[in-house]
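Below is final25.pdb, holding PDB, C-alpha atoms.
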```
ATOM      1  CA  MET A   1       9.161  -9.671 -50.593
ATOM      2  CA  ASN A   2      10.240 -13.342 -50.513
ATOM      3  CA  ALA A   3      10.337 -15.531 -47.422
ATOM      4  CA  SER A   4      14.091 -15.119 -46.834
ATOM      5  CA  HIS A   5      13.821 -11.308 -46.855
ATOM      6  CA  LEU A   6      10.849 -11.491 -44.488
ATOM      7  CA  MET A   7      12.686 -13.753 -42.075
ATOM      8  CA  ARG A   8      15.775 -11.514 -42.218
ATOM      9  CA  GLY A   9      13.632  -8.468 -41.473
ATOM     10  CA  LEU A  10      11.959 -10.184 -38.541
ATOM     11  CA  GLY A  11      15.343 -11.267 -37.225
ATOM     12  CA  ILE A  12      16.721  -7.735 -37.400
ATOM     13  CA  SER A  13      13.607  -6.395 -35.706
ATOM     14  CA  ALA A  14      13.915  -8.976 -32.940
ATOM     15  CA  LEU A  15      17.579  -8.108 -32.392
ATOM     16  CA  ALA A  16      16.775  -4.407 -32.293
ATOM     17  CA  PHE A  17      13.970  -4.983 -29.811
ATOM     18  CA  GLY A  18      16.187  -7.154 -27.633
ATOM     19  CA  ALA A  19      18.946  -4.559 -27.706
ATOM     20  CA  GLY A  20      16.445  -1.868 -26.750
ATOM     21  CA  VAL A  21      15.126  -3.905 -23.820
ATOM     22  CA  ALA A  22      18.663  -4.670 -22.658
ATOM     23  CA  THR A  23      19.568  -0.968 -22.811
ATOM     24  CA  ILE A  24      16.486  -0.058 -20.765
ATOM     25  CA  GLU A  25      17.402  -2.728 -18.187
ATOM     26  CA  VAL A  26      20.931  -1.328 -17.787
ATOM     27  CA  ILE A  27      19.788   2.285 -17.509
ATOM     28  CA  ALA A  28      17.007   1.289 -15.106
ATOM     29  CA  ALA A  29      19.518  -0.503 -12.857
ATOM     30  CA  ILE A  30      21.742   2.587 -12.781
ATOM     31  CA  ARG A  31      18.838   4.894 -11.946
ATOM     32  CA  VAL A  32      17.530   2.589  -9.197
ATOM     33  CA  ASN A  33      21.005   2.390  -7.650
ATOM     34  CA  HIS A  34      21.052   6.185  -7.655
ATOM     35  CA  LEU A  35      17.690   6.246  -5.862
ATOM     36  CA  ARG A  36      18.996   3.749  -3.306
ATOM     37  CA  ALA A  37      21.960   6.015  -2.622
ATOM     38  CA  GLU A  38      19.649   9.011  -2.138
ATOM     39  CA  ARG A  39      17.734   7.103   0.552
ATOM     40  CA  ALA A  40      20.804   5.709   2.301
ATOM     41  CA  GLU A  41      20.451   8.190   5.164
ATOM     42  CA  LEU A  42      17.310   6.333   6.277
ATOM     43  CA  GLY A  43      19.384   3.239   6.944
ATOM     44  CA  ASP A  44      17.069   0.275   7.438
ATOM     45  CA  ARG A  45      14.088   2.390   8.509
ATOM     46  CA  LEU A  46      11.115   3.555   6.475
ATOM     47  CA  TYR A  47      10.335   7.109   5.437
ATOM     48  CA  THR A  48       7.932   8.787   7.854
ATOM     49  CA  GLU A  49       6.202  12.113   8.313
ATOM     50  CA  VAL A  50       5.323  12.880  11.937
ATOM     51  CA  ARG A  51       2.910  15.489  13.250
ATOM     52  CA  GLY A  52       1.517  16.236  16.702
ATOM     53  CA  GLN A  53       2.021  14.803  20.202
ATOM     54  CA  GLY A  54       0.230  12.075  22.146
ATOM     55  CA  PRO A  55      -0.642   8.409  21.615
ATOM     56  CA  PRO A  56       0.666   7.229  18.228
ATOM     57  CA  VAL A  57      -1.578   6.826  15.206
ATOM     58  CA  VAL A  58       0.195   5.046  12.350
ATOM     59  CA  PHE A  59      -1.054   5.510   8.778
ATOM     60  CA  LEU A  60      -0.339   2.821   6.158
ATOM     61  CA  ALA A  61      -1.472   3.461   2.584
ATOM     62  CA  GLY A  62      -2.422   0.912  -0.052
ATOM     63  CA  LEU A  63      -0.431  -0.326  -3.026
ATOM     64  CA  PRO A  64       1.348   1.599  -4.586
ATOM     65  CA  ALA A  65       0.330   4.787  -2.750
ATOM     66  CA  THR A  66       2.504   6.894  -0.451
ATOM     67  CA  THR A  67       2.021   9.251   2.468
ATOM     68  CA  ARG A  68       0.475  11.656  -0.055
ATOM     69  CA  PHE A  69      -2.624   9.429  -0.164
ATOM     70  CA  TRP A  70      -3.799  10.782   3.201
ATOM     71  CA  GLY A  71      -3.424  14.476   2.341
ATOM     72  CA  ALA A  72      -4.323  16.704   5.277
ATOM     73  CA  ALA A  73      -7.651  14.992   5.986
ATOM     74  CA  PHE A  74      -6.539  13.497   9.305
ATOM     75  CA  ASP A  75      -4.379  16.374  10.560
ATOM     76  CA  PRO A  76      -6.978  17.477  13.170
ATOM     77  CA  LEU A  77      -5.980  14.365  15.134
ATOM     78  CA  ALA A  78      -2.548  15.929  15.669
ATOM     79  CA  LYS A  79      -4.065  18.074  18.425
ATOM     80  CA  SER A  80      -4.282  15.007  20.667
ATOM     81  CA  HIS A  81      -2.211  12.296  18.942
ATOM     82  CA  ARG A  82       1.162  11.806  17.283
ATOM     83  CA  LEU A  83       0.455  11.037  13.638
ATOM     84  CA  ILE A  84       3.038   8.839  11.918
ATOM     85  CA  PHE A  85       2.568   8.563   8.154
ATOM     86  CA  VAL A  86       4.666   5.735   6.718
ATOM     87  CA  ASP A  87       5.801   4.817   3.205
ATOM     88  CA  ALA A  88       5.995   1.029   2.914
ATOM     89  CA  LEU A  89       9.270  -0.680   2.088
ATOM     90  CA  GLY A  90      10.089  -0.116  -1.598
ATOM     91  CA  PHE A  91       7.459   2.597  -2.084
ATOM     92  CA  GLY A  92       7.363   6.367  -1.927
ATOM     93  CA  ARG A  93      10.553   7.695  -0.328
ATOM     94  CA  SER A  94      11.386   4.577   1.648
ATOM     95  CA  PRO A  95      14.464   2.422   0.936
ATOM     96  CA  LEU A  96      14.546   0.168  -2.112
ATOM     97  CA  PRO A  97      16.483  -2.880  -0.901
ATOM     98  CA  LYS A  98      17.343  -5.882  -3.050
ATOM     99  CA  VAL A  99      14.919  -8.222  -1.276
ATOM    100  CA  ASP A 100      11.909 -10.286  -2.294
ATOM    101  CA  TYR A 101       9.408  -7.955  -0.556
ATOM    102  CA  THR A 102       7.842 -10.725   1.461
ATOM    103  CA  LEU A 103       5.516 -10.101   4.376
ATOM    104  CA  GLU A 104       8.480 -10.631   6.710
ATOM    105  CA  ASP A 105      10.516  -7.997   4.822
ATOM    106  CA  HIS A 106       7.705  -5.470   5.217
ATOM    107  CA  LEU A 107       6.968  -6.253   8.864
ATOM    108  CA  ALA A 108      10.623  -6.166   9.885
ATOM    109  CA  ALA A 109      11.091  -2.737   8.286
ATOM    110  CA  LEU A 110       7.900  -1.449   9.899
ATOM    111  CA  ARG A 111       9.010  -2.807  13.285
ATOM    112  CA  ARG A 112      12.394  -1.077  13.097
ATOM    113  CA  THR A 113      10.697   2.166  12.148
ATOM    114  CA  LEU A 114       8.043   2.174  14.865
ATOM    115  CA  VAL A 115      10.569   1.237  17.547
ATOM    116  CA  ALA A 116      12.814   4.075  16.365
ATOM    117  CA  THR A 117       9.929   6.547  16.572
ATOM    118  CA  GLY A 118       8.843   5.285  19.986
ATOM    119  CA  ALA A 119       5.502   3.920  18.752
ATOM    120  CA  THR A 120       5.439   0.782  20.894
ATOM    121  CA  ARG A 121       2.408   1.261  23.147
ATOM    122  CA  ARG A 122      -1.218   2.362  22.710
ATOM    123  CA  VAL A 123      -0.759   2.293  18.938
ATOM    124  CA  THR A 124      -3.685   2.926  16.620
ATOM    125  CA  PHE A 125      -3.371   1.887  12.984
ATOM    126  CA  ILE A 126      -5.381   3.641  10.291
ATOM    127  CA  ALA A 127      -4.707   1.641   7.161
ATOM    128  CA  HIS A 128      -6.000   1.312   3.616
ATOM    129  CA  SER A 129      -6.068  -1.681   1.248
ATOM    130  CA  PHE A 130      -2.590  -3.317   1.216
ATOM    131  CA  GLY A 131      -1.824  -1.278   4.335
ATOM    132  CA  THR A 132      -4.564  -3.166   6.195
ATOM    133  CA  LEU A 133      -2.640  -6.412   5.618
ATOM    134  CA  LEU A 134       0.509  -4.947   7.166
ATOM    135  CA  ALA A 135      -1.439  -3.456  10.068
ATOM    136  CA  ALA A 136      -3.265  -6.709  10.815
ATOM    137  CA  TYR A 137      -0.215  -8.962  10.684
ATOM    138  CA  TYR A 138       1.817  -6.447  12.713
ATOM    139  CA  ALA A 139      -0.906  -6.184  15.374
ATOM    140  CA  ALA A 140      -1.177  -9.973  15.584
ATOM    141  CA  ARG A 141       2.583 -10.151  16.162
ATOM    142  CA  TYR A 142       2.661  -7.354  18.758
ATOM    143  CA  PRO A 143      -0.829  -7.479  20.318
ATOM    144  CA  ASP A 144       0.166  -5.816  23.603
ATOM    145  CA  GLU A 145       1.366  -2.724  21.756
ATOM    146  CA  VAL A 146      -1.589  -2.173  19.435
ATOM    147  CA  GLU A 147      -4.779  -0.719  20.851
ATOM    148  CA  ARG A 148      -6.990  -0.640  17.757
ATOM    149  CA  LEU A 149      -7.096  -0.946  13.993
ATOM    150  CA  VAL A 150      -9.235   1.174  11.690
ATOM    151  CA  LEU A 151      -9.194  -0.618   8.339
ATOM    152  CA  LEU A 152     -10.363   1.167   5.187
ATOM    153  CA  GLY A 153     -11.162  -0.742   1.996
ATOM    154  CA  THR A 154      -9.934  -4.064   3.373
ATOM    155  CA  PRO A 155      -9.085  -6.759   0.793
ATOM    156  CA  VAL A 156     -10.704 -10.029   1.894
ATOM    157  CA  PHE A 157     -10.063 -12.957  -0.471
ATOM    158  CA  ASP A 158     -10.435 -16.733  -0.221
ATOM    159  CA  GLY A 159      -7.467 -17.324  -2.487
ATOM    160  CA  GLU A 160      -5.114 -15.967  -5.132
ATOM    161  CA  ARG A 161      -7.536 -16.469  -8.023
ATOM    162  CA  GLU A 162     -10.262 -14.424  -6.347
ATOM    163  CA  ALA A 163      -7.719 -11.772  -5.388
ATOM    164  CA  ARG A 164      -6.611 -11.367  -8.996
ATOM    165  CA  GLU A 165     -10.187 -11.055 -10.207
ATOM    166  CA  HIS A 166     -11.052  -8.292  -7.754
ATOM    167  CA  ILE A 167      -7.795  -6.373  -8.252
ATOM    168  CA  ARG A 168      -8.321  -6.538 -12.011
ATOM    169  CA  GLU A 169     -11.659  -4.749 -11.603
ATOM    170  CA  MET A 170     -10.109  -1.794  -9.798
ATOM    171  CA  SER A 171      -8.612   0.105 -12.747
ATOM    172  CA  SER A 172      -6.827  -0.218 -16.083
ATOM    173  CA  MET A 173      -3.499   0.016 -14.252
ATOM    174  CA  SER A 174      -4.444  -2.796 -11.871
ATOM    175  CA  GLY A 175      -5.553  -4.920 -14.797
ATOM    176  CA  LEU A 176      -2.200  -4.399 -16.492
ATOM    177  CA  PHE A 177      -0.283  -5.686 -13.480
ATOM    178  CA  THR A 178      -2.480  -8.715 -12.877
ATOM    179  CA  LEU A 179      -3.256  -9.761 -16.455
ATOM    180  CA  ASN A 180      -0.018  -8.961 -18.267
ATOM    181  CA  PRO A 181       2.983  -8.981 -15.929
ATOM    182  CA  ILE A 182       5.462  -9.018 -18.834
ATOM    183  CA  LEU A 183       4.080  -5.781 -20.274
ATOM    184  CA  ALA A 184       3.817  -4.354 -16.761
ATOM    185  CA  ARG A 185       7.454  -5.209 -16.044
ATOM    186  CA  GLU A 186       8.699  -3.463 -19.152
ATOM    187  CA  ALA A 187       6.535  -0.415 -18.399
ATOM    188  CA  CYS A 188       8.040  -0.285 -14.903
ATOM    189  CA  LYS A 189      11.559  -0.708 -16.226
ATOM    190  CA  LEU A 190      10.992   2.041 -18.791
ATOM    191  CA  HIS A 191       9.856   4.347 -16.020
ATOM    192  CA  GLU A 192      12.838   3.364 -13.861
ATOM    193  CA  ALA A 193      15.143   4.157 -16.778
ATOM    194  CA  THR A 194      13.642   7.519 -17.726
ATOM    195  CA  MET A 195      11.666   8.804 -14.703
ATOM    196  CA  SER A 196       9.659  10.411 -17.485
ATOM    197  CA  PRO A 197       7.546  13.497 -16.703
ATOM    198  CA  ALA A 198       5.345  12.446 -19.622
ATOM    199  CA  LEU A 199       4.544   9.167 -17.885
ATOM    200  CA  ALA A 200       3.756  11.072 -14.693
ATOM    201  CA  ARG A 201       1.185  13.073 -16.667
ATOM    202  CA  ILE A 202      -0.344   9.982 -18.277
ATOM    203  CA  VAL A 203      -0.725   7.780 -15.173
ATOM    204  CA  PRO A 204      -3.604   9.821 -13.650
ATOM    205  CA  LEU A 205      -5.629   8.990 -16.772
ATOM    206  CA  PHE A 206      -5.508   5.304 -15.778
ATOM    207  CA  LEU A 207      -6.545   6.095 -12.195
ATOM    208  CA  PRO A 208      -9.433   8.529 -12.638
ATOM    209  CA  ASP A 209     -10.737   7.968  -9.097
ATOM    210  CA  ALA A 210      -7.466   9.038  -7.461
ATOM    211  CA  PRO A 211      -6.351  12.659  -7.043
ATOM    212  CA  PRO A 212      -3.682  13.382  -9.713
ATOM    213  CA  GLU A 213      -0.951  14.024  -7.139
ATOM    214  CA  VAL A 214      -1.691  10.682  -5.458
ATOM    215  CA  ALA A 215      -1.581   8.880  -8.816
ATOM    216  CA  ARG A 216       1.744  10.515  -9.722
ATOM    217  CA  GLU A 217       3.320   9.610  -6.378
ATOM    218  CA  GLY A 218       2.220   6.039  -7.029
ATOM    219  CA  LEU A 219       5.064   5.861  -9.548
ATOM    220  CA  LEU A 220       7.607   5.988  -6.702
ATOM    221  CA  HIS A 221       8.452   2.300  -6.652
ATOM    222  CA  THR A 222      10.390  -0.267  -8.648
ATOM    223  CA  TRP A 223       9.293  -3.373 -10.479
ATOM    224  CA  ARG A 224      10.976  -5.482  -7.804
ATOM    225  CA  SER A 225       9.107  -3.783  -4.961
ATOM    226  CA  PHE A 226       5.707  -3.753  -6.677
ATOM    227  CA  HIS A 227       5.783  -7.244  -8.140
ATOM    228  CA  GLY A 228       7.298  -8.786  -5.018
ATOM    229  CA  THR A 229       4.733  -7.161  -2.731
ATOM    230  CA  LEU A 230       1.833  -8.103  -4.996
ATOM    231  CA  GLN A 231       2.916 -11.712  -5.367
ATOM    232  CA  ASN A 232       4.198 -12.386  -1.859
ATOM    233  CA  VAL A 233       1.792 -10.369   0.280
ATOM    234  CA  VAL A 234      -1.373  -9.166  -1.445
ATOM    235  CA  LEU A 235      -2.097 -12.393  -3.317
ATOM    236  CA  LYS A 236      -0.825 -14.911  -0.771
ATOM    237  CA  LYS A 237      -1.472 -13.587   2.742
ATOM    238  CA  PRO A 238      -5.188 -13.682   3.680
ATOM    239  CA  ILE A 239      -6.079 -10.974   6.166
ATOM    240  CA  ALA A 240      -8.625 -13.191   7.917
ATOM    241  CA  ILE A 241      -5.778 -15.143   9.561
ATOM    242  CA  PRO A 242      -4.383 -12.333  11.754
ATOM    243  CA  LEU A 243      -7.777 -10.694  12.252
ATOM    244  CA  ALA A 244      -9.099 -13.862  13.881
ATOM    245  CA  HIS A 245      -7.009 -12.956  16.949
ATOM    246  CA  LEU A 246      -7.792  -9.231  16.939
ATOM    247  CA  GLY A 247     -11.582  -9.008  16.544
ATOM    248  CA  PRO A 248     -12.688  -6.451  19.183
ATOM    249  CA  LYS A 249      -9.791  -4.158  18.329
ATOM    250  CA  VAL A 250     -10.904  -3.886  14.700
ATOM    251  CA  THR A 251     -13.204  -1.392  13.020
ATOM    252  CA  PHE A 252     -13.814  -1.850   9.307
ATOM    253  CA  VAL A 253     -14.699   1.300   7.369
ATOM    254  CA  HIS A 254     -16.026   0.049   4.052
ATOM    255  CA  GLY A 255     -17.791   1.645   1.110
ATOM    256  CA  ARG A 256     -20.760   0.266  -0.759
ATOM    257  CA  ALA A 257     -19.009   1.196  -4.008
ATOM    258  CA  ASP A 258     -15.657  -0.379  -3.060
ATOM    259  CA  LYS A 259     -14.953  -3.076  -5.654
ATOM    260  CA  ILE A 260     -12.010  -4.639  -3.851
ATOM    261  CA  THR A 261     -14.321  -6.566  -1.483
ATOM    262  CA  PRO A 262     -18.127  -6.774  -1.390
ATOM    263  CA  LEU A 263     -19.581  -5.165   1.717
ATOM    264  CA  SER A 264     -21.355  -8.432   2.528
ATOM    265  CA  ARG A 265     -17.975 -10.178   2.822
ATOM    266  CA  ILE A 266     -16.719  -7.513   5.243
ATOM    267  CA  GLU A 267     -19.870  -7.807   7.322
ATOM    268  CA  ALA A 268     -19.572 -11.592   7.462
ATOM    269  CA  LEU A 269     -15.942 -11.444   8.573
ATOM    270  CA  SER A 270     -16.799  -8.772  11.125
ATOM    271  CA  GLN A 271     -19.499 -10.958  12.646
ATOM    272  CA  THR A 272     -17.134 -13.935  12.775
ATOM    273  CA  ILE A 273     -14.346 -12.125  14.626
ATOM    274  CA  GLY A 274     -16.446  -9.709  16.685
ATOM    275  CA  ALA A 275     -15.361  -6.519  14.924
ATOM    276  CA  GLN A 276     -17.291  -3.333  14.122
ATOM    277  CA  VAL A 277     -18.298  -2.139  10.639
ATOM    278  CA  LEU A 278     -18.938   1.457   9.617
ATOM    279  CA  VAL A 279     -20.594   1.582   6.189
ATOM    280  CA  THR A 280     -19.918   4.497   3.831
ATOM    281  CA  GLY A 281     -20.614   5.389   0.226
ATOM    282  CA  ASP A 282     -16.917   5.240  -0.721
ATOM    283  CA  ASP A 283     -15.214   3.635  -3.663
ATOM    284  CA  HIS A 284     -11.789   2.132  -3.041
ATOM    285  CA  LEU A 285      -9.824   5.376  -3.269
ATOM    286  CA  SER A 286     -12.169   7.985  -1.799
ATOM    287  CA  TYR A 287     -11.909   7.315   1.948
ATOM    288  CA  PRO A 288      -9.648  10.254   2.917
ATOM    289  CA  ALA A 289     -11.756  12.713   0.935
ATOM    290  CA  ARG A 290     -15.194  11.408   1.939
ATOM    291  CA  SER A 291     -14.933   9.584   5.243
ATOM    292  CA  ALA A 292     -12.104  11.182   7.222
ATOM    293  CA  GLY A 293     -14.611  12.904   9.496
ATOM    294  CA  MET A 294     -16.149   9.565  10.479
ATOM    295  CA  VAL A 295     -12.721   8.130  11.296
ATOM    296  CA  LEU A 296     -11.686  11.227  13.264
ATOM    297  CA  ALA A 297     -14.847  10.985  15.364
ATOM    298  CA  LEU A 298     -14.241   7.278  15.968
ATOM    299  CA  VAL A 299     -10.678   7.755  17.209
ATOM    300  CA  GLU A 300     -11.597  10.691  19.432
ATOM    301  CA  ARG A 301     -14.668   8.917  20.813
ATOM    302  CA  GLU A 302     -12.615   5.897  21.811
ATOM    303  CA  ARG A 303      -9.897   8.058  23.376
ATOM    304  CA  HIS A 304     -12.086   9.903  25.892
ATOM    305  CA  PRO A 305     -13.456   6.846  27.751
ATOM    306  CA  ARG A 306      -9.903   5.590  28.271
ATOM    307  CA  GLU A 307      -8.818   8.963  29.657
ATOM    308  CA  SER A 308     -11.751   9.055  32.097
ATOM    309  CA  ASP A 309     -10.862   5.544  33.308
ATOM    310  CA  ARG A 310      -7.344   6.524  34.331
TER     311      ARG A 310
END
```

As C-alpha cells:
Amino acid sequence: MNASHLMRGLGISALAFGAGVATIEVIAAIRVNHLRAERAELGDRLYTEVRGQGPPVVFLAGLPATTRFWGAAFDPLAKSHRLIFVDALGFGRSPLPKVDYTLEDHLAALRRTLVATGATRRVTFIAHSFGTLLAAYYAARYPDEVERLVLLGTPVFDGEREAREHIREMSSMSGLFTLNPILAREACKLHEATMSPALARIVPLFLPDAPPEVAREGLLHTWRSFHGTLQNVVLKKPIAIPLAHLGPKVTFVHGRADKITPLSRIEALSQTIGAQVLVTGDDHLSYPARSAGMVLALVERERHPRESDR
C-alpha cells in the first residue's frame, strides 16, 4: 500500500469515526430530553423517598450514587424520625436541567426540596462522600435549621491536584473520569444514547466494592451532570471551609481502609474544628453495610438527651 492509499484510508476512517460520534451525540441528546420530560412532574425539586415520622434525617449519597446506596440499613430510624432520602440534582431520578452543576445549583435544588418536605428545623444530615460536601455547605448556610451532621467517608483535600490523585485511587471507573475525560465523555454519551443493558451488567465489574444494584443505579446521570459536579464541586470546593463554622455539630465516621482521605487527615481536621470521630474498618463504599448500626446508635443516643431536656 502506497502513502496516498494509506492517507486516503486514514481519512475515510476519521470521517467514519466522526460521523459515528456525531450520531451518538444526536441520539444521546434525544434520549436525555426524553428523560427530562419523564421527570418534569418533579418541577424544580429533587427526587425523594420518605419514610417514618419525627425530626427529619436527610440522606445524601456520594457521586454518582442514588438513594439505592443506603438500602434498608437505616430504616430502623423511621420509628422515631422522618427519613428523607434524596437523589442529588442530575443523578438518580432527580431532574436533569441544562445547568453547569455548580455548588449553587446543587444547594438551591436541595433547599427547594427540603422546604417543600418541611425539613427546616432540627435537621440531621447523614451523608457520604460528595454528599458530605452538600451537607456541610448547606448546614453552613442554614445553621439554625441543622442540628447535626454525620459524615461518612468525607473527602478532605488541600487542592484540586490532591483531589484528583485520591479519586483516581478509588476504582477503575474513577480513574477513567479523572485521567481521561475525553474517553469518559464518549462512554457517557454512548450510554445516554443506548441506555444499554449490557453496559449495566459491565459497570459492576469496575466497582467491585459496591453492591451490583448500587453500581447499576450509578449510571443514572448524564455527562453534563457528572462532569459539572466533579469539576465545579468535588474538585474545587474544600469541605474544611464550611466545617470550620460547624465543628461541634459534626461527627465523622471514617474507615481505616477508606482511600478517599487518610484517617489521620480526618482526625486532624476534627481536632481543629472540635468535631467527633468514630473510627471503623470501612472502605469507601461499605458504610451502610458495615457501620449502619454505629450510626443508628449515635442518632438515637443524641435524641434522648434532647427529649429529656424539654

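Across the model, the gap from atom CA of A:Glu300 to atom CA of A:Gln271 is 24.0 Å.
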
Taking into account only C-alpha atoms, which residue in the set A:Leu278, A:Leu110, A:Val295, A:Leu133 is nearest to A:Gly90? A:Leu110

A straight line from atom CA of A:Ser270 to atom CA of A:Thr251 spans 8.4 Å

Taking the file above as input, evaluate the PyMOL selection byres ((chain A and resi 236-246) around 6) and report the hits as a VMD selection string. chain A and resid 133 136 to 137 140 232 to 235 247 249 273

Skip A:Gly228 itself and residues of its chain fewer than 2 positions away, then list as an mmCIF file with C-alpha atoms, in the coordinates of the input all residues within 7 Å of it, counting all atoms listed in the file.
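New file around.cif:
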```
data_model
loop_
_atom_site.group_PDB
_atom_site.id
_atom_site.type_symbol
_atom_site.label_atom_id
_atom_site.label_comp_id
_atom_site.auth_asym_id
_atom_site.auth_seq_id
_atom_site.Cartn_x
_atom_site.Cartn_y
_atom_site.Cartn_z
ATOM 1 C CA ASP A 100 11.909 -10.286 -2.294
ATOM 2 C CA TYR A 101 9.408 -7.955 -0.556
ATOM 3 C CA THR A 102 7.842 -10.725 1.461
ATOM 4 C CA ARG A 224 10.976 -5.482 -7.804
ATOM 5 C CA SER A 225 9.107 -3.783 -4.961
ATOM 6 C CA PHE A 226 5.707 -3.753 -6.677
ATOM 7 C CA LEU A 230 1.833 -8.103 -4.996
ATOM 8 C CA GLN A 231 2.916 -11.712 -5.367
ATOM 9 C CA ASN A 232 4.198 -12.386 -1.859
#
```

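Put simply, atom CA of A:Ala37 is 9.5 Å away from atom CA of A:Leu96.
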
Care to translate the PyMOL selection byres ((chain A and resi 63) around 10) into actual residues of this file, as a PyMOL selection string? chain A and resi 60-62+64-66+88+91+128-131+218+221+226+229-230+234

For A:Asp283, which residue among A:Arg301, A:His254, A:Arg51, A:Arg121 is the nearest when counting all atoms listed in the file? A:His254

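With all atoms listed in the file as the atoms that count, the minimum distance from A:Gly293 to the choices A:Arg164, A:Thr48, A:Thr280, A:Arg112 is reached by A:Thr280.
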
Just so the selection is clear, what residues does the PyMOL selection byres ((chain A and resi 44-46) around 12) cover here, as a VMD selection string? chain A and resid 36 39 to 43 47 to 49 60 66 to 67 84 to 97 105 to 117

Shell of 12 Å around A:Val123, all atoms listed in the file, local chain residues under 3 positions omitted, as an mmCIF file with C-alpha atoms, keeping the file's coordinate frame:
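As written to disk, around.cif reads:
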```cif
data_model
loop_
_atom_site.group_PDB
_atom_site.id
_atom_site.type_symbol
_atom_site.label_atom_id
_atom_site.label_comp_id
_atom_site.auth_asym_id
_atom_site.auth_seq_id
_atom_site.Cartn_x
_atom_site.Cartn_y
_atom_site.Cartn_z
ATOM 1 C CA GLY A 54 0.230 12.075 22.146
ATOM 2 C CA PRO A 55 -0.642 8.409 21.615
ATOM 3 C CA PRO A 56 0.666 7.229 18.228
ATOM 4 C CA VAL A 57 -1.578 6.826 15.206
ATOM 5 C CA VAL A 58 0.195 5.046 12.350
ATOM 6 C CA PHE A 59 -1.054 5.510 8.778
ATOM 7 C CA HIS A 81 -2.211 12.296 18.942
ATOM 8 C CA ARG A 82 1.162 11.806 17.283
ATOM 9 C CA LEU A 83 0.455 11.037 13.638
ATOM 10 C CA ILE A 84 3.038 8.839 11.918
ATOM 11 C CA LEU A 114 8.043 2.174 14.865
ATOM 12 C CA VAL A 115 10.569 1.237 17.547
ATOM 13 C CA THR A 117 9.929 6.547 16.572
ATOM 14 C CA GLY A 118 8.843 5.285 19.986
ATOM 15 C CA ALA A 119 5.502 3.920 18.752
ATOM 16 C CA THR A 120 5.439 0.782 20.894
ATOM 17 C CA ILE A 126 -5.381 3.641 10.291
ATOM 18 C CA ALA A 135 -1.439 -3.456 10.068
ATOM 19 C CA TYR A 138 1.817 -6.447 12.713
ATOM 20 C CA ALA A 139 -0.906 -6.184 15.374
ATOM 21 C CA TYR A 142 2.661 -7.354 18.758
ATOM 22 C CA PRO A 143 -0.829 -7.479 20.318
ATOM 23 C CA ASP A 144 0.166 -5.816 23.603
ATOM 24 C CA GLU A 145 1.366 -2.724 21.756
ATOM 25 C CA VAL A 146 -1.589 -2.173 19.435
ATOM 26 C CA GLU A 147 -4.779 -0.719 20.851
ATOM 27 C CA ARG A 148 -6.990 -0.640 17.757
ATOM 28 C CA LEU A 149 -7.096 -0.946 13.993
ATOM 29 C CA VAL A 150 -9.235 1.174 11.690
ATOM 30 C CA LYS A 249 -9.791 -4.158 18.329
ATOM 31 C CA VAL A 299 -10.678 7.755 17.209
ATOM 32 C CA ARG A 303 -9.897 8.058 23.376
#
```

Restricting the calculation to only C-alpha atoms: of A:Leu77, A:Arg141, A:Trp70, A:Ala268, which residue gets closest to A:Glu104? A:Arg141
